[in-house]
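Reviewing the structure listed below.
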Amino acid sequence: MTQNYRCWAEIDRSALRYNTNVVRERIGKAEMLAVVKANAYGHGLMGVVETLAEQVQLFGVANLDEAIALRERFPLPVIILGPSLPEEMPTIIERGFIPTISIFEEAQAFDRIGKTAINFKVDTGMGRMGAVESEAVEIFKRVAALPKIDIHSVSTHMPVSDVDADYTRDELVRFRKVVEQMRAAVPGAYKAHVLQSAGALGFNQTVDEIVRAGIVLYGISPLPEFQKLLKPAMSWKTRVGLIRDVPKGASISYGRTFITPKPMRVATLTAGYTDGYPRHLSNVGAEMLVRGKRCPLLGRVTMDLMVIDVSHLPDVGVSDEVVLMGRQGEEEIPCLELSDKAGTITWDITTRIGQRVKRVFI
């Protein structure tokens with residue numbers, strides 16, 4: 001099935017379902033909002049949504065384009081988690097998407113166009129969106145009074161749930177106090193959501209009516225201590241395109257940043273930074289798997305190609321499978337290994353995987 005692909009990502013449907021069940025066990029009867037923005041964190045939007053549609057109650061996307069692509073095939077409610085542009089508002093209303101509102105003027109603009117159910121956001125520390133915490137209840141009362149606005153939900157976002165447990169616990173207390181004040185001022189059946197992937201794993205002692213599950217669904221834990229509970233859904237692969245024997249003193253790739261210390265057998269791979277492999281992994285000890293063995297990356301990652309050392313693999317051949325991320329035999333290159341060596345985060349690794357990389361659901 002993959003023999004003609006130069007670079008591809010295999011997505012394990014059973015792992016996606018397994019991880020969703022892990023979240024379900026931790027959140028009880030709460031509705032699960034599956035976050036599938038950014039092409040389902042690089043895993044392939046339609047394949048992921050198709051796999052999870054019967055296990056979740058809502059989907060979350062970043063913008064209108066993603067919402068439209070999703071709705072063309074699946075009828076579940078869709079919350080647009082980012083702010084909406086004025087020219088997008090009529091379509092949001094027409095298609096029945098749920099926009100996220102931070103300020104009164106946004107809600108007022110929707111109200112002028114037509115009836116809309118909204119997600120009202122409170123800023124408890126993230127700083128990107130949301131009504132300022134001290135003003136949130138008063139703004140919420142004004143928004144709820146608009147004749148064409150219905151409140152679907154109230155939410156916030158936790159900025160340090162992966163690094164600062166004390167702040168996060170205090171933030172949860174503050175948010176729930178704000179929600180209590182809102183419900184006292186504006187009674188209704190609207191729901192609250194704050195827990196995301198880290199929240200569902202590490203802060204699920206008190207669960208609201210909705211939980212936003214993001215990267216955890218894809219088998220990557222934002223809290224390393226919970227990684228053992230999950231199954232990574234993606235294996236990212238490429239192929240050996242060329243094998244060469246080079247002498248001592250040969251230079252490899254742009255900038256001549258690697259000079260062979262001895263005669264070596266090297267393999268040129270059919271992937272590069274256009275496919276999403278981070279250029280920042282150049283010369284930092286990154287490795288790939290070939291025939292179940294780790295092979296060091298040599299020199300700089302280039303646009304379409306990169307070079308590895310296969311001197312210890314006498315039987316390696318052209319078209320052999322190379323694992324950039326995932327398991328092969330007894331060895332594994334986890335996403336966290338790539339992100340740590342590249343000086344970034346796991347979210348950045350999977351979402352940067354390029355469009356020409358085939359997504360193969362298995």
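By order in the structure tokens, chains are A, B, ...; within a chain, residues start at 1; ligands start at 1, following the order shown.
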
Within 8 Å of stretch 157-166 of chain A using only C-alpha atoms, minus same-chain residues under 4 positions, as a ChimeraX atom specification: /A:123-126,170-171,194-196,198-199,222-223

Give me the residues near stretch 246-258 of chain A as number ranges by chain, where near means some atom within 6 Å (using only C-alpha atoms) and where sequence neighbours in that chain fewer than 4 positions away do not count. A: 262-264, 299-300

Please save all heavy atoms of the selected residues as a PDB file, in the first residue's frame.
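Done, and the output landed in selection20.pdb:
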```
ATOM      1  N   LYS A 262      36.025   9.091   9.070  1.00  0.00           N
ATOM      2  CA  LYS A 262      36.564   7.825   8.566  1.00  0.00           C
ATOM      3  C   LYS A 262      35.755   7.450   7.332  1.00  0.00           C
ATOM      4  O   LYS A 262      34.716   8.073   7.058  1.00  0.00           O
ATOM      5  CB  LYS A 262      36.446   6.739   9.628  1.00  0.00           C
ATOM      6  CG  LYS A 262      35.020   6.500  10.081  1.00  0.00           C
ATOM      7  CD  LYS A 262      34.935   5.485  11.200  1.00  0.00           C
ATOM      8  CE  LYS A 262      33.488   5.304  11.650  1.00  0.00           C
ATOM      9  NZ  LYS A 262      33.362   4.332  12.754  1.00  0.00           N
ATOM     10  N   PRO A 263      36.171   6.465   6.557  1.00  0.00           N
ATOM     11  CA  PRO A 263      35.310   6.015   5.454  1.00  0.00           C
ATOM     12  C   PRO A 263      33.954   5.566   6.006  1.00  0.00           C
ATOM     13  O   PRO A 263      33.883   4.881   7.033  1.00  0.00           O
ATOM     14  CB  PRO A 263      36.097   4.850   4.856  1.00  0.00           C
ATOM     15  CG  PRO A 263      37.524   5.117   5.225  1.00  0.00           C
ATOM     16  CD  PRO A 263      37.467   5.752   6.585  1.00  0.00           C
ATOM     17  N   MET A 264      32.882   5.966   5.337  1.00  0.00           N
ATOM     18  CA  MET A 264      31.538   5.680   5.837  1.00  0.00           C
ATOM     19  C   MET A 264      30.624   5.269   4.693  1.00  0.00           C
ATOM     20  O   MET A 264      30.834   5.681   3.541  1.00  0.00           O
ATOM     21  CB  MET A 264      30.942   6.916   6.539  1.00  0.00           C
ATOM     22  CG  MET A 264      31.704   7.388   7.762  1.00  0.00           C
ATOM     23  SD  MET A 264      31.036   8.924   8.481  1.00  0.00           S
ATOM     24  CE  MET A 264      29.508   8.320   9.167  1.00  0.00           C
ATOM     25  N   GLY A 299      25.022  16.036   9.152  1.00  0.00           N
ATOM     26  CA  GLY A 299      24.940  17.356   8.536  1.00  0.00           C
ATOM     27  C   GLY A 299      23.549  17.959   8.610  1.00  0.00           C
ATOM     28  O   GLY A 299      22.721  17.566   9.439  1.00  0.00           O
ATOM     29  N   ARG A 300      23.291  18.896   7.728  1.00  0.00           N
ATOM     30  CA  ARG A 300      22.050  19.650   7.769  1.00  0.00           C
ATOM     31  C   ARG A 300      20.920  18.964   7.014  1.00  0.00           C
ATOM     32  O   ARG A 300      21.128  18.375   5.957  1.00  0.00           O
ATOM     33  CB  ARG A 300      22.269  21.051   7.187  1.00  0.00           C
ATOM     34  CG  ARG A 300      23.123  21.952   8.057  1.00  0.00           C
ATOM     35  CD  ARG A 300      23.315  23.311   7.417  1.00  0.00           C
ATOM     36  NE  ARG A 300      24.154  24.177   8.268  1.00  0.00           N
ATOM     37  CZ  ARG A 300      24.684  25.327   7.876  1.00  0.00           C
ATOM     38  NH1 ARG A 300      24.463  25.752   6.629  1.00  0.00           N
ATOM     39  NH2 ARG A 300      25.418  26.035   8.697  1.00  0.00           N
TER      40      ARG A 300
END
```

Please identify every residue of stretch 118-167 of chain A that has at least one atom no farther than 6 Å from an atom of stretch 92-113 of chain A, counting only C-alpha atoms, and for each give the shortest atom pair and the distance in Å to one decimal, arranged by chain then increasing number, as a tab-separated table.
```
residue	atom	partner	partner_atom	distance
A:Ile118	CA	A:Ile98	CA	5.1
A:Asn119	CA	A:Thr100	CA	4.6
A:Phe120	CA	A:Ile101	CA	4.9
A:Lys121	CA	A:Ser102	CA	5.3
A:Met129	CA	A:Ser102	CA	6.0
A:Gly130	CA	A:Ser102	CA	4.1
A:Ala131	CA	A:Ser102	CA	5.0
A:Val143	CA	A:Phe104	CA	5.9
A:Lys148	CA	A:Asp111	CA	5.2
```

Residues from the last selection, N, CA, C and O atoms, saved as an mmCIF file, in the first residue's frame:
```cif
data_model
loop_
_atom_site.group_PDB
_atom_site.id
_atom_site.type_symbol
_atom_site.label_atom_id
_atom_site.label_comp_id
_atom_site.auth_asym_id
_atom_site.auth_seq_id
_atom_site.Cartn_x
_atom_site.Cartn_y
_atom_site.Cartn_z
ATOM 1 N N ILE A 118 -23.289 30.700 21.033
ATOM 2 C CA ILE A 118 -21.890 31.070 21.174
ATOM 3 C C ILE A 118 -21.220 30.345 22.334
ATOM 4 O O ILE A 118 -21.871 29.878 23.269
ATOM 5 N N ASN A 119 -19.888 30.279 22.258
ATOM 6 C CA ASN A 119 -19.044 29.872 23.373
ATOM 7 C C ASN A 119 -18.410 31.146 23.923
ATOM 8 O O ASN A 119 -17.654 31.822 23.228
ATOM 9 N N PHE A 120 -18.748 31.496 25.169
ATOM 10 C CA PHE A 120 -18.224 32.715 25.780
ATOM 11 C C PHE A 120 -16.940 32.384 26.528
ATOM 12 O O PHE A 120 -16.926 31.523 27.406
ATOM 13 N N LYS A 121 -15.876 33.098 26.190
ATOM 14 C CA LYS A 121 -14.563 32.769 26.762
ATOM 15 C C LYS A 121 -14.140 33.789 27.810
ATOM 16 O O LYS A 121 -14.317 35.001 27.639
ATOM 17 N N MET A 129 -7.252 35.432 24.227
ATOM 18 C CA MET A 129 -8.666 35.673 23.972
ATOM 19 C C MET A 129 -9.381 35.694 25.321
ATOM 20 O O MET A 129 -8.808 35.337 26.352
ATOM 21 N N GLY A 130 -10.645 36.075 25.280
ATOM 22 C CA GLY A 130 -11.470 35.984 26.474
ATOM 23 C C GLY A 130 -11.716 37.318 27.145
ATOM 24 O O GLY A 130 -10.909 38.248 27.063
ATOM 25 N N ALA A 131 -12.853 37.396 27.832
ATOM 26 C CA ALA A 131 -13.157 38.574 28.644
ATOM 27 C C ALA A 131 -12.232 38.584 29.857
ATOM 28 O O ALA A 131 -11.992 37.547 30.480
ATOM 29 N N VAL A 143 -23.897 40.287 27.051
ATOM 30 C CA VAL A 143 -23.948 39.407 25.881
ATOM 31 C C VAL A 143 -25.205 38.544 25.920
ATOM 32 O O VAL A 143 -25.923 38.396 24.916
ATOM 33 N N LYS A 148 -30.648 37.846 19.887
ATOM 34 C CA LYS A 148 -30.385 36.749 18.958
ATOM 35 C C LYS A 148 -29.198 35.878 19.378
ATOM 36 O O LYS A 148 -28.742 35.036 18.608
#
```

Compile a residue-level contact table for stretch 133-242 of chain A against stretch 22-42 of chain A at a cut-off of 9 Å, reporting for every qualifying residue the shortest atom pair and its distance in Å to one decimal, with only C-alpha atoms counted, rows ordered by chain and ascending number, as JSON lines.
```
{"residue": "A:Ser197", "atom": "CA", "partner": "A:Val23", "partner_atom": "CA", "distance": 8.4}
{"residue": "A:Ala200", "atom": "CA", "partner": "A:Arg26", "partner_atom": "CA", "distance": 6.5}
{"residue": "A:Leu201", "atom": "CA", "partner": "A:Arg26", "partner_atom": "CA", "distance": 7.2}
{"residue": "A:Asn204", "atom": "CA", "partner": "A:Ile27", "partner_atom": "CA", "distance": 6.7}
{"residue": "A:Gln205", "atom": "CA", "partner": "A:Ile27", "partner_atom": "CA", "distance": 8.9}
{"residue": "A:Thr206", "atom": "CA", "partner": "A:Ile27", "partner_atom": "CA", "distance": 8.8}
{"residue": "A:Val207", "atom": "CA", "partner": "A:Ile27", "partner_atom": "CA", "distance": 6.3}
{"residue": "A:Asp208", "atom": "CA", "partner": "A:Ala30", "partner_atom": "CA", "distance": 6.8}
{"residue": "A:Glu209", "atom": "CA", "partner": "A:Ala30", "partner_atom": "CA", "distance": 4.8}
{"residue": "A:Ile210", "atom": "CA", "partner": "A:Glu31", "partner_atom": "CA", "distance": 4.6}
{"residue": "A:Val211", "atom": "CA", "partner": "A:Met32", "partner_atom": "CA", "distance": 5.2}
{"residue": "A:Arg212", "atom": "CA", "partner": "A:Leu33", "partner_atom": "CA", "distance": 4.7}
{"residue": "A:Ala213", "atom": "CA", "partner": "A:Ala34", "partner_atom": "CA", "distance": 5.1}
{"residue": "A:Gly214", "atom": "CA", "partner": "A:Val35", "partner_atom": "CA", "distance": 4.8}
{"residue": "A:Ile215", "atom": "CA", "partner": "A:Tyr41", "partner_atom": "CA", "distance": 7.2}
{"residue": "A:Val216", "atom": "CA", "partner": "A:Val23", "partner_atom": "CA", "distance": 7.9}
{"residue": "A:Leu217", "atom": "CA", "partner": "A:Ala34", "partner_atom": "CA", "distance": 7.8}
{"residue": "A:Tyr218", "atom": "CA", "partner": "A:Tyr41", "partner_atom": "CA", "distance": 8.1}
{"residue": "A:Leu229", "atom": "CA", "partner": "A:Val22", "partner_atom": "CA", "distance": 7.4}
{"residue": "A:Leu230", "atom": "CA", "partner": "A:Val22", "partner_atom": "CA", "distance": 7.5}
```

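Among the candidates A:Leu70, A:Val56, A:Met288, A:Cys295, the one nearest to A:Leu338 when counting only C-alpha atoms is A:Met288.
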
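Of the residues listed (A:Gly202, A:Gly241, A:Gly326, A:Gly219), A:Gly241 shows the shortest atom-to-atom separation from A:Ile308; distances use only C-alpha atoms.
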
Using only C-alpha atoms, which protein or nucleic acid residues come within 12 Å of A:Leu281? Drop anything in the same chain fewer than 2 positions from it, and give the result as a CSV table (one decimal) with C-alpha atoms, in the first residue's frame.
```
chain,number,residue,atom,x,y,z
A,272,GLY,CA,13.5,16.9,4.2
A,273,TYR,CA,12.2,20.0,5.9
A,276,GLY,CA,8.1,18.8,8.0
A,277,TYR,CA,11.3,17.2,9.4
A,278,PRO,CA,12.7,20.1,11.5
A,279,ARG,CA,15.9,21.7,10.2
A,283,ASN,CA,23.8,18.4,14.0
A,284,VAL,CA,22.1,17.8,17.4
A,285,GLY,CA,22.3,14.0,17.6
A,286,ALA,CA,19.0,13.2,15.8
A,287,GLU,CA,18.6,9.6,14.7
A,288,MET,CA,16.3,7.5,12.5
A,296,PRO,CA,22.5,9.2,13.1
A,297,LEU,CA,21.5,12.1,10.9
A,298,LEU,CA,24.6,13.6,9.3
A,299,GLY,CA,24.9,17.4,8.5
A,300,ARG,CA,22.0,19.6,7.8
A,301,VAL,CA,18.5,18.7,6.9
A,302,THR,CA,17.8,20.1,3.4
A,306,MET,CA,18.8,14.3,4.2
A,324,LEU,CA,11.5,9.2,11.4
A,337,GLU,CA,12.7,12.8,21.5
A,338,LEU,CA,12.3,14.8,18.3
A,339,SER,CA,10.8,17.9,20.0
A,340,ASP,CA,13.4,17.9,22.8
A,341,LYS,CA,16.4,17.7,20.3
A,342,ALA,CA,14.8,20.4,18.1
A,343,GLY,CA,14.2,22.7,21.0
A,344,THR,CA,10.5,22.8,20.5
A,349,ILE,CA,6.5,18.3,15.4
```

Sel. of alpha helix (DSSP H) residues, stretch 124-362 of chain A, as number ranges by chain: A: 136-144, 165-185, 197-202, 335-342, 346-351

Interatomic distance, atom CA of A:Gly188 to atom CA of A:Thr91 (Å, one decimal): 26.3 Å

Contacts of A:Phe175 within 8 Å, only C-alpha atoms, excl. fewer than 2 positions in-chain, as an NGL selection string: :A and (122 or 124 or 156 or 171-173 or 177-179)

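Between atom CA of A:Glu332 and atom CA of A:Leu242 the interatomic distance comes to 23.5 Å.
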
To one decimal place in Å, what is the distance between atom CA of A:Pro314 and atom CA of A:Arg239? 16.6 Å

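Between A:Gln55 and the candidates A:Arg17, A:Arg73, A:Lys358, A:Lys228, the tightest atom-to-atom separation, counting only C-alpha atoms, involves A:Arg17.
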
Please return, as an NGL selection string, all residues of stretch 123-333 of chain A that DSSP assigns to strand (DSSP E) on the basis of the backbone. :A and (123 or 131-132 or 149-155 or 191-193 or 210-213 or 234-246 or 251-252 or 258-259 or 264-269 or 287-290 or 293-298 or 306-309 or 321-328 or 331-333)

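With only C-alpha atoms as the atoms that count, the minimum distance from A:Pro147 to the choices A:Asn21, A:Asn63, A:Thr116, A:Thr274 is reached by A:Thr116.
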
Option closest in space to A:Glu54, from A:Cys335, A:Leu76, A:Ala67, A:Ile149 [counting only C-alpha atoms]: A:Leu76

Within 8 Å of A:Tyr190, counting only C-alpha atoms, which residues qualify if same-chain residues fewer than 2 places away don't, as a list of chain:residue names? A:Ile151, A:His152, A:Ser153, A:Val154, A:Gly188, A:Ala192

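Comparing the minimum interatomic distances between A:Asp245 and each of A:Val310, A:Ile220, A:Ala117, A:Leu289, counting only C-alpha atoms, we find that A:Val310 sits nearest.
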